[in-house]
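What follows is a set of notes on a single structure, which appears directly below.
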Amino acid sequence: MSAPAHDQHAAVAPAPVAGAATAAPGGPRPGRLPVEYVLPLRRSDDTGLTGLTDHLRDLARWVDVTVVDGSPPELFARHAAAWRDLVRHVPPDPALHGANGKALGALTGLGLARHEHVVIADDDVRYDEAGLRAVHALLDRVDLVRPQNHFDPLPWPAWWDTGRTLLNRALGGDWPGTMAVRRSTFRAMGGYDPDVLFENLELVRTVRAYGGGTATPAWLHVRRLPPTAGHFRAQRVRQAYDDQAQPLRLVAALAVLPGVVAALAARRPGLLLRAAVATVTVAELGRRRAGGARVFPAHTTLAAPLFVLERGLCSWLALGRRWRGGVPHAGARVRDAAHSSRTLRRRLAGNGPGDLVLWVEAGGRDVPAHATARGHSPADRE
């Protein structure tokens, strides 16, 4: 490992906002980057296919791209025709197993990666050349980079969700739809568990448990397309379920509704107003942090109290889902949001060299000794 196992919030000097790349002044355009871009994909329809194809065409000018496509056969064939000679287009490795399709796509893509530096991104993330170069430079110093997303354009679902983003930025860093990781570290630690819901947190904790260094550059703003209203509504309880892997956040969220009820019962609405003002103030700190005011409009801080109320309600609903066995996902129920750092350190200590073998179905072969040590201890939380 070349970096300590902690998060570095400013590993290099701030770069331009991703979305405003320019060629080096007075010189030729730099060459392609030795970076693999892995895009896990699963579509139920082809809405936005033209925009995604245009984005892949842009990416292919700067980096090598692998799309791991778990879409139904007819859509997979359509994608293959649209992206022929543009990117490498493959299905998820059938030897891998797990309930989280995005994690399986990442495992497949990292196994096929042609470069040491690998970017993993959802299909709504829109890197530009400046953002990719910044991530590439950071990966020379740490094992994992967690950029920060901003929505553009900003319809009401994106405005609402930006309240969450700003609070997270003020408290350390948001969880984006993209990560970047060193291929050698990822393979050596055996990848990460694809049977959890909050795969980004699982990946970060696994890298740290392995002894790797991570960075959360608050200045690295990568554009993300907004969700539709229907998708936004469908994700509220599922995203609240993620807090079950972060006990302090969960306790704070569960306290919101009782606090509101107590203030109203005591006829002290001023307490709620002061709490709302404090929440907006914290969100404003997150908005201004590391040049964030360039991409987060001032009015988005007003969404923070609404998000807090929503999360307070949805956290109780998510707790109910846990009591019923977990969140429905891909025909099964996923119980664990993510594993604790202690669990991951214990697992890695017992597994030995990884090289992704832990998540491969043994079939008729002998199962490696460490492949049976996949305990999921819901009580063992960080």
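Note on naming: chains are A, B, ... as they come in the structure tokens, residues start from 1 per chain, ligands start from 1 in the order shown.
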### Task
as JSON, numbers by chain, please: all residues of stretch 198-372 of chain A that backbone DSSP puts in strand (DSSP E or B).
{"A": [214, 215, 221, 222, 223, 224, 327, 328, 329, 332, 333, 334, 360]}
### Task
Please identify which residues in stretch 24-243 of chain A DSSP calls helix (DSSP H, G or I) from the backbone, and express them as a ChimeraX atom specification.
/A:49-62,73-83,101-112,129-138,156-170,183-188,199-210,229-234,236-243
#### Entry: Best match for closeness to A:Thr214 among A:Ala134, A:Ala170, A:Ala180, A:Val196, counting only C-alpha atoms
A:Ala180
### Task
Fewer than 4 positions away in the same chain doesn't count, so skip those; otherwise give me all residues within 8 Å of A:Val119, counting only C-alpha atoms, as a list in words.
Val35, Glu36, Tyr37, Val38, Thr178, Met179, Ala180 and Val181 of chain A
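For the pair atom CA of A:Ser341 and atom CA of A:Ala209, the separation is 6.2 Å.
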### Residues near A:Thr228, cut-off 12 Å, only C-alpha atoms, skip fewer than 5 positions along chain, as a list of chain:residue names
A:Thr47, A:Gly48, A:Asp124, A:Pro153, A:Leu154, A:Pro155, A:Trp156, A:Pro157, A:Ala158, A:Trp159, A:Asp161, A:Arg233, A:Ala234, A:Gln235
Mind dumping the selected residues with all heavy atoms as a CSV table (one decimal), in the first residue's frame?
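The resulting again-v9.csv:
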```csv
chain,number,residue,atom,x,y,z
A,47,THR,N,-35.1,4.4,-22.7
A,47,THR,CA,-35.2,5.8,-22.5
A,47,THR,C,-33.8,6.4,-22.3
A,47,THR,O,-33.0,6.0,-21.4
A,47,THR,CB,-36.1,6.1,-21.3
A,47,THR,OG1,-37.4,5.5,-21.5
A,47,THR,CG2,-36.3,7.6,-21.1
A,48,GLY,N,-33.5,7.5,-23.0
A,48,GLY,CA,-32.2,8.1,-22.9
A,48,GLY,C,-31.0,7.4,-23.5
A,48,GLY,O,-29.9,7.8,-23.3
A,124,ASP,N,-25.9,7.6,-15.1
A,124,ASP,CA,-26.4,9.0,-15.1
A,124,ASP,C,-25.3,9.9,-14.7
A,124,ASP,O,-25.5,11.1,-14.6
A,124,ASP,CB,-27.6,9.2,-14.2
A,124,ASP,CG,-27.3,8.7,-12.7
A,124,ASP,OD1,-26.1,8.2,-12.5
A,124,ASP,OD2,-28.1,8.9,-11.8
A,153,PRO,N,-29.4,19.3,-15.2
A,153,PRO,CA,-30.2,20.4,-14.6
A,153,PRO,C,-30.8,20.0,-13.3
A,153,PRO,O,-30.5,19.0,-12.7
A,153,PRO,CB,-31.4,20.5,-15.7
A,153,PRO,CG,-31.5,19.1,-16.3
A,153,PRO,CD,-30.1,18.6,-16.3
A,154,LEU,N,-31.7,20.9,-12.7
A,154,LEU,CA,-32.1,20.8,-11.3
A,154,LEU,C,-33.6,20.9,-11.2
A,154,LEU,O,-34.1,21.8,-10.6
A,154,LEU,CB,-31.4,21.9,-10.5
A,154,LEU,CG,-31.3,21.8,-9.0
A,154,LEU,CD1,-30.3,20.7,-8.7
A,154,LEU,CD2,-30.9,23.1,-8.4
A,155,PRO,N,-34.3,19.9,-11.7
A,155,PRO,CA,-35.8,19.8,-11.5
A,155,PRO,C,-36.0,19.5,-10.0
A,155,PRO,O,-35.1,19.2,-9.2
A,155,PRO,CB,-36.3,18.7,-12.4
A,155,PRO,CG,-35.1,17.8,-12.5
A,155,PRO,CD,-33.9,18.7,-12.5
A,156,TRP,N,-37.3,19.5,-9.6
A,156,TRP,CA,-37.6,19.4,-8.1
A,156,TRP,C,-37.0,18.2,-7.4
A,156,TRP,O,-36.5,18.3,-6.3
A,156,TRP,CB,-39.1,19.6,-7.8
A,156,TRP,CG,-39.9,18.4,-8.1
A,156,TRP,CD1,-40.6,18.1,-9.2
A,156,TRP,CD2,-40.1,17.3,-7.2
A,156,TRP,NE1,-41.3,16.9,-9.1
A,156,TRP,CE2,-41.0,16.4,-7.9
A,156,TRP,CE3,-39.6,16.9,-6.0
A,156,TRP,CZ2,-41.4,15.2,-7.4
A,156,TRP,CZ3,-40.1,15.7,-5.4
A,156,TRP,CH2,-40.9,14.8,-6.1
A,157,PRO,N,-37.0,17.0,-8.1
A,157,PRO,CA,-36.4,15.8,-7.3
A,157,PRO,C,-34.9,16.0,-7.1
A,157,PRO,O,-34.4,15.7,-6.0
A,157,PRO,CB,-36.7,14.6,-8.3
A,157,PRO,CG,-37.8,15.1,-9.2
A,157,PRO,CD,-37.6,16.5,-9.3
A,158,ALA,N,-34.2,16.6,-8.1
A,158,ALA,CA,-32.8,16.9,-7.9
A,158,ALA,C,-32.5,18.0,-6.9
A,158,ALA,O,-31.6,17.9,-6.1
A,158,ALA,CB,-32.1,17.2,-9.2
A,159,TRP,N,-33.4,19.0,-6.9
A,159,TRP,CA,-33.3,20.1,-5.9
A,159,TRP,C,-33.5,19.5,-4.5
A,159,TRP,O,-32.7,19.8,-3.6
A,159,TRP,CB,-34.4,21.1,-6.2
A,159,TRP,CG,-34.4,22.2,-5.1
A,159,TRP,CD1,-33.7,23.3,-5.1
A,159,TRP,CD2,-35.3,22.3,-4.0
A,159,TRP,NE1,-34.0,24.1,-4.0
A,159,TRP,CE2,-35.0,23.5,-3.3
A,159,TRP,CE3,-36.3,21.5,-3.5
A,159,TRP,CZ2,-35.7,23.9,-2.2
A,159,TRP,CZ3,-37.0,21.8,-2.4
A,159,TRP,CH2,-36.7,23.0,-1.7
A,161,ASP,N,-33.0,16.4,-3.4
A,161,ASP,CA,-31.9,15.5,-3.1
A,161,ASP,C,-30.6,16.2,-2.9
A,161,ASP,O,-29.7,15.8,-2.1
A,161,ASP,CB,-31.7,14.4,-4.2
A,161,ASP,CG,-31.1,13.2,-3.6
A,161,ASP,OD1,-31.4,12.8,-2.5
A,161,ASP,OD2,-30.2,12.6,-4.4
A,233,ARG,N,-39.2,9.0,-6.1
A,233,ARG,CA,-40.1,8.5,-5.1
A,233,ARG,C,-39.8,7.0,-4.7
A,233,ARG,O,-39.9,6.7,-3.5
A,233,ARG,CB,-41.5,8.7,-5.6
A,233,ARG,CG,-42.0,10.1,-5.6
A,233,ARG,CD,-43.5,10.2,-5.8
A,233,ARG,NE,-43.8,9.8,-7.2
A,233,ARG,CZ,-44.0,10.6,-8.2
A,233,ARG,NH1,-43.8,11.9,-8.0
A,233,ARG,NH2,-44.3,10.2,-9.4
A,234,ALA,N,-39.5,6.2,-5.7
A,234,ALA,CA,-39.2,4.8,-5.4
A,234,ALA,C,-38.0,4.6,-4.6
A,234,ALA,O,-37.9,3.5,-4.0
A,234,ALA,CB,-39.1,4.1,-6.8
A,235,GLN,N,-37.1,5.5,-4.5
A,235,GLN,CA,-35.8,5.3,-3.9
A,235,GLN,C,-35.8,5.8,-2.4
A,235,GLN,O,-34.8,5.7,-1.7
A,235,GLN,CB,-34.7,6.0,-4.6
A,235,GLN,CG,-34.3,5.3,-6.0
A,235,GLN,CD,-33.7,4.0,-5.7
A,235,GLN,OE1,-32.7,3.8,-5.1
A,235,GLN,NE2,-34.3,2.9,-6.3
```
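You can rank A:Arg324, A:His117, A:Arg88, A:Arg208 by their closest distance to A:Leu33 using only C-alpha atoms, and at the top of that list sits A:His117.
Going from atom CA of A:Leu59 to atom CA of A:Gly31 covers 13.0 Å.
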Would you give me, as JSON lines, each residue of stretch 156-215 of chain A having an atom within 10 Å of an atom of stretch 138-149 of chain A, along with its shortest atom pair and that distance in Å to one decimal, using only C-alpha atoms and sorting by chain and residue number?
```
{"residue": "A:Thr162", "atom": "CA", "partner": "A:Asn149", "partner_atom": "CA", "distance": 9.5}
{"residue": "A:Thr165", "atom": "CA", "partner": "A:Asn149", "partner_atom": "CA", "distance": 8.2}
{"residue": "A:Arg169", "atom": "CA", "partner": "A:Gln148", "partner_atom": "CA", "distance": 8.5}
{"residue": "A:Gly173", "atom": "CA", "partner": "A:Gln148", "partner_atom": "CA", "distance": 7.4}
{"residue": "A:Asp174", "atom": "CA", "partner": "A:Gln148", "partner_atom": "CA", "distance": 6.2}
{"residue": "A:Trp175", "atom": "CA", "partner": "A:Gln148", "partner_atom": "CA", "distance": 7.2}
{"residue": "A:Pro176", "atom": "CA", "partner": "A:Asn149", "partner_atom": "CA", "distance": 5.4}
{"residue": "A:Gly177", "atom": "CA", "partner": "A:Asn149", "partner_atom": "CA", "distance": 7.3}
{"residue": "A:Thr178", "atom": "CA", "partner": "A:Pro147", "partner_atom": "CA", "distance": 7.0}
{"residue": "A:Met179", "atom": "CA", "partner": "A:Arg146", "partner_atom": "CA", "distance": 5.2}
{"residue": "A:Ala180", "atom": "CA", "partner": "A:Val145", "partner_atom": "CA", "distance": 5.0}
{"residue": "A:Val181", "atom": "CA", "partner": "A:Leu144", "partner_atom": "CA", "distance": 4.4}
{"residue": "A:Arg182", "atom": "CA", "partner": "A:Asp143", "partner_atom": "CA", "distance": 5.3}
{"residue": "A:Arg183", "atom": "CA", "partner": "A:Asp143", "partner_atom": "CA", "distance": 8.7}
{"residue": "A:Ser184", "atom": "CA", "partner": "A:Asp143", "partner_atom": "CA", "distance": 9.0}
{"residue": "A:Thr185", "atom": "CA", "partner": "A:Asp143", "partner_atom": "CA", "distance": 6.7}
{"residue": "A:Phe186", "atom": "CA", "partner": "A:Asp143", "partner_atom": "CA", "distance": 8.5}
{"residue": "A:Asn200", "atom": "CA", "partner": "A:Arg146", "partner_atom": "CA", "distance": 9.1}
{"residue": "A:Leu203", "atom": "CA", "partner": "A:Leu144", "partner_atom": "CA", "distance": 9.0}
{"residue": "A:Val204", "atom": "CA", "partner": "A:Leu144", "partner_atom": "CA", "distance": 7.4}
{"residue": "A:Val207", "atom": "CA", "partner": "A:Leu144", "partner_atom": "CA", "distance": 7.4}
{"residue": "A:Arg208", "atom": "CA", "partner": "A:Asp143", "partner_atom": "CA", "distance": 9.1}
{"residue": "A:Gly211", "atom": "CA", "partner": "A:Asp143", "partner_atom": "CA", "distance": 9.4}
{"residue": "A:Gly212", "atom": "CA", "partner": "A:Asp143", "partner_atom": "CA", "distance": 5.7}
{"residue": "A:Gly213", "atom": "CA", "partner": "A:Val142", "partner_atom": "CA", "distance": 5.0}
{"residue": "A:Thr214", "atom": "CA", "partner": "A:Leu144", "partner_atom": "CA", "distance": 4.6}
{"residue": "A:Ala215", "atom": "CA", "partner": "A:Val145", "partner_atom": "CA", "distance": 4.9}
```
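The shortest atom-to-atom distance to A:His136, with only C-alpha atoms taken into account, belongs to A:Leu220 out of A:Leu220, A:Leu112, A:Leu107, A:Val251.
Shortest separation to A:Pro297 among A:Val125, A:Ala283, A:Ala188, A:Val68 occurs at residue A:Ala283, atoms counted being only C-alpha atoms.
Summary of the local environment: counting only C-alpha atoms, residues at most 8 Å from A:Asp123, other than itself and those fewer than 6 positions away along its chain, are A:Leu39, A:Pro40, A:Leu41, A:Leu52.
Counting from atom CA of A:Pro92, the distance to atom CA of A:Gln239 is 24.3 Å.
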